[in-house]
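Report on the structure given below.
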Amino acid sequence: MFRIALLLLISLDSLGAVILQYHHVAEDTPPITSITPTDFAAHMDYLQSASFNVIGLPELVDALQSDRVLPDKTVAITFDDAYQNILINAVPVLVRHGFPYAVFVATDQVGSSSAFLTWDQLRHMQQGGATIANHTASHPHLLRQDESEDEASWLARVASEITRAAEAIDSQLAPAPRFFAYPYGEYDGRIIEIVERLGYIGFGQQSGAAGPSSDLRLLPRFPFAGRYSGLEDFKVKVATKPMPLVRNTISPLESDTDPLPILTLTFQMAETPYSTPTCYGPNGDLLDIEIHAPHFYLVKPQSPVPVGRSRYNCTMPAGDGRFYWFSQMWIRRNPDGSWYPEP
Ligand SMILES: [Zn+2]
């Protein structure tokens, strides 16, 4: 009981951290997954000058697992896909600042072309303190069940993607924490259960700060790429706090059966009521907020979510110009049930 009371007192703000997600750090790679070396260096310089507490991903996960309070403005840095350009354009900057980082590796891609890091390079980075973790073997769209597969064989393939990557990492590198990043941020209830059963902490691509109500199978990360990689955008996102919600993991595929998906937000009880959240839909449209009780809201769209991956982003003032932030991903197939092509 004491622990619950204590948690209610401290959990509202101070049990959170922000996880940054990058892919390419380069000028000449697809903008949608790239940040320029100049912008990346500006992000890191800002973390230093604004006195952010940059910690390794294992330390952050350990704090979340044990409800340990982290200093305000705590951040962890991650990269997906292990591109060669991070070693050239990001690692020197990180080393200069003394910032730890994690790399999620799709193991079939390692050394497969000059675009990807090699095992020797990853080993060297790990020896320098980097966390090297699991991003499947072949980087598939995990939700895309093949026509030739029944559900059981599809889910077995999902599990084997993770275990096959783990075998490669275990055989090439020193023991690494069981961390898993979903390719394309795609998941549903069945896939996160596999991640949990295999003993992994999961990382998504839905934005928001991680906190006590985050699902450890699906921790949020802020992606920084393309038009979302500028310094002003970064300053807002890196200072966010976890929305003080009661945990509620919603499958992004709900929008596949209902293109007007309703998001329910249940807030933790607080002495001082929070202000009403503001939520934006995939087209930048303001979403309707229906208040059902002082701490229970329904977030409703006015137009269908588009085919593809999209999000509802909800924020709420947290004082000092900062925001609570929570995001829900939606995934909608073509009307005929076929999968959309990737951009
Ligand atoms: Zn990836």
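Residue numbers start at 1 in each chain; chains themselves are named A, B, ... in the order of the structure tokens; ligands are numbered from 1 in the order shown.
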
Find the residues of chain A that sit at most 9 Å from ligand 1; for each, write down the nearest two atoms and how far apart they are in Å, to one decimal. Count only C-alpha atoms and all ligand atoms. Sort by chain, then by number going up, and give it as CSV.
residue,atom,partner,partner_atom_place_in_ligand_line,distance
A:His23,CA,ligand 1,1 (Zn),7.5
A:Phe79,CA,ligand 1,1 (Zn),8.7
A:Asp80,CA,ligand 1,1 (Zn),5.0
A:Asp81,CA,ligand 1,1 (Zn),4.8
A:Ala82,CA,ligand 1,1 (Zn),8.6
A:Phe104,CA,ligand 1,1 (Zn),7.6
A:Val105,CA,ligand 1,1 (Zn),7.8
A:Ala106,CA,ligand 1,1 (Zn),7.3
A:His135,CA,ligand 1,1 (Zn),6.7
A:Thr136,CA,ligand 1,1 (Zn),8.9
A:His139,CA,ligand 1,1 (Zn),6.4
A:Pro140,CA,ligand 1,1 (Zn),8.9
A:Ala181,CA,ligand 1,1 (Zn),7.7
A:Tyr182,CA,ligand 1,1 (Zn),7.4
A:Pro183,CA,ligand 1,1 (Zn),4.5
A:Tyr184,CA,ligand 1,1 (Zn),5.8
A:Gly185,CA,ligand 1,1 (Zn),8.1

(message) From a backbone DSSP assignment, name each residue in segment 167-305 of chain A labelled strand (DSSP E or B), as an NGL selection string.
(response) :A and (179-181 or 201-203 or 208 or 210 or 219 or 222-223 or 241-242 or 245 or 263-267 or 278-280 or 286 or 288-293 or 296-300)

Residues of the last selection are to be written out with C-alpha atoms, as a PDB file, in the first residue's frame.
ATOM      1  CA  PHE A 179      16.228  -5.887 -26.323  1.00  0.00           C
ATOM      2  CA  PHE A 180      14.132  -6.038 -29.499  1.00  0.00           C
ATOM      3  CA  ALA A 181      13.042  -3.264 -31.885  1.00  0.00           C
ATOM      4  CA  ILE A 201      12.015  -5.821 -23.810  1.00  0.00           C
ATOM      5  CA  GLY A 202      10.355  -4.375 -26.949  1.00  0.00           C
ATOM      6  CA  PHE A 203      10.864  -0.989 -28.587  1.00  0.00           C
ATOM      7  CA  GLY A 208       6.246   9.741 -26.597  1.00  0.00           C
ATOM      8  CA  ALA A 210       8.599   6.207 -21.669  1.00  0.00           C
ATOM      9  CA  LEU A 219       8.420   1.164 -25.262  1.00  0.00           C
ATOM     10  CA  PHE A 222      10.812   9.450 -30.870  1.00  0.00           C
ATOM     11  CA  PRO A 223      11.899   8.936 -34.495  1.00  0.00           C
ATOM     12  CA  LYS A 241       7.235  13.620 -20.032  1.00  0.00           C
ATOM     13  CA  PRO A 242       5.266  10.379 -20.113  1.00  0.00           C
ATOM     14  CA  LEU A 245      -2.064   7.179 -18.270  1.00  0.00           C
ATOM     15  CA  LEU A 263      -8.522   5.935 -28.766  1.00  0.00           C
ATOM     16  CA  THR A 264      -9.386   5.698 -25.073  1.00  0.00           C
ATOM     17  CA  LEU A 265      -7.184   7.621 -22.635  1.00  0.00           C
ATOM     18  CA  THR A 266      -7.553   6.762 -18.958  1.00  0.00           C
ATOM     19  CA  PHE A 267      -5.511   9.036 -16.717  1.00  0.00           C
ATOM     20  CA  THR A 278      -4.959  17.872 -27.332  1.00  0.00           C
ATOM     21  CA  CYS A 279      -4.744  15.187 -30.026  1.00  0.00           C
ATOM     22  CA  TYR A 280      -3.893  15.421 -33.711  1.00  0.00           C
ATOM     23  CA  LEU A 286      -7.468  18.187 -34.545  1.00  0.00           C
ATOM     24  CA  ASP A 288     -12.497  15.350 -31.054  1.00  0.00           C
ATOM     25  CA  ILE A 289     -12.027  14.758 -27.335  1.00  0.00           C
ATOM     26  CA  GLU A 290     -15.043  13.391 -25.475  1.00  0.00           C
ATOM     27  CA  ILE A 291     -14.798  13.648 -21.696  1.00  0.00           C
ATOM     28  CA  HIS A 292     -16.536  10.696 -20.044  1.00  0.00           C
ATOM     29  CA  ALA A 293     -15.262  11.246 -16.520  1.00  0.00           C
ATOM     30  CA  PHE A 296     -11.406   9.258 -18.912  1.00  0.00           C
ATOM     31  CA  TYR A 297     -11.401  10.542 -22.501  1.00  0.00           C
ATOM     32  CA  LEU A 298     -12.398   9.213 -25.899  1.00  0.00           C
ATOM     33  CA  VAL A 299     -10.347  10.522 -28.823  1.00  0.00           C
ATOM     34  CA  LYS A 300     -12.362  10.421 -32.046  1.00  0.00           C
TER      35      LYS A 300
END

Would you tabulate, counting only C-alpha atoms, all residues of segment 136-241 of chain A that have an atom at most 12 Å from an atom of segment 338-343 of chain A, showing the closest pair of atoms and their distance in Å to one decimal, sorted by chain then ascending number, as a Markdown table?
| residue | atom | partner | partner_atom | distance |
| --- | --- | --- | --- | --- |
| A:Pro140 | CA | A:Glu342 | CA | 11.9 |
| A:His141 | CA | A:Trp339 | CA | 10.1 |
| A:Leu143 | CA | A:Trp339 | CA | 9.8 |
| A:Arg144 | CA | A:Trp339 | CA | 7.6 |
| A:Gln145 | CA | A:Trp339 | CA | 10.1 |
| A:Asp146 | CA | A:Trp339 | CA | 10.8 |
| A:Glu147 | CA | A:Ser338 | CA | 10.5 |
| A:Tyr184 | CA | A:Glu342 | CA | 10.0 |

Quick one: write out the picked residues with N, CA and C atoms as a CSV table (one decimal), in the first residue's frame?
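The resulting out_12.csv:
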chain,number,residue,atom,x,y,z
A,140,PRO,N,11.8,-8.2,-41.7
A,140,PRO,CA,10.5,-8.3,-42.4
A,140,PRO,C,9.4,-7.4,-41.9
A,141,HIS,N,8.3,-7.2,-42.6
A,141,HIS,CA,7.1,-6.7,-42.0
A,141,HIS,C,6.4,-7.8,-41.2
A,143,LEU,N,3.9,-8.1,-39.5
A,143,LEU,CA,2.4,-8.3,-39.6
A,143,LEU,C,2.0,-9.0,-40.8
A,144,ARG,N,2.9,-9.1,-41.8
A,144,ARG,CA,2.4,-9.6,-43.1
A,144,ARG,C,2.5,-11.1,-43.2
A,145,GLN,N,1.4,-11.7,-42.9
A,145,GLN,CA,1.3,-13.2,-43.0
A,145,GLN,C,1.2,-13.5,-44.5
A,146,ASP,N,2.1,-14.5,-44.9
A,146,ASP,CA,2.2,-14.9,-46.3
A,146,ASP,C,0.9,-15.7,-46.6
A,147,GLU,N,0.5,-15.6,-47.9
A,147,GLU,CA,-0.7,-16.4,-48.3
A,147,GLU,C,-0.5,-17.9,-48.1
A,184,TYR,N,10.0,-1.4,-38.7
A,184,TYR,CA,8.9,-0.4,-39.1
A,184,TYR,C,8.0,-0.1,-37.9

(message) For Pro30 of chain A, find every residue with an atom within 12 Å (counting only C-alpha atoms), except residues of its own chain fewer than 6 positions away, and show them as a count of residues only.
(response) 7

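Neighbours of segment 109-117 of chain A closer than or equal to 8 Å, with only C-alpha atoms counted and sequence neighbours fewer than 5 positions away skipped, come out as Asp81, Ala82, Tyr83, Gln84, Asn85, Leu87, Leu122, Ala137 and Ser138 of chain A.
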
Can you spit out the residues from that selection as a PDB file, in the first residue's frame, using C-alpha atoms?
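See result-v8.pdb below for the written result:
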ATOM      1  CA  ASP A  81      19.459  -1.075 -38.948  1.00  0.00           C
ATOM      2  CA  ALA A  82      23.200  -0.595 -38.240  1.00  0.00           C
ATOM      3  CA  TYR A  83      24.102   1.565 -41.210  1.00  0.00           C
ATOM      4  CA  GLN A  84      27.750   2.200 -41.979  1.00  0.00           C
ATOM      5  CA  ASN A  85      27.113   5.955 -41.939  1.00  0.00           C
ATOM      6  CA  LEU A  87      30.032   4.847 -37.564  1.00  0.00           C
ATOM      7  CA  LEU A 122      29.825  -3.924 -34.300  1.00  0.00           C
ATOM      8  CA  ALA A 137      17.231 -11.511 -38.900  1.00  0.00           C
ATOM      9  CA  SER A 138      15.769 -10.355 -42.244  1.00  0.00           C
TER      10      SER A 138
END
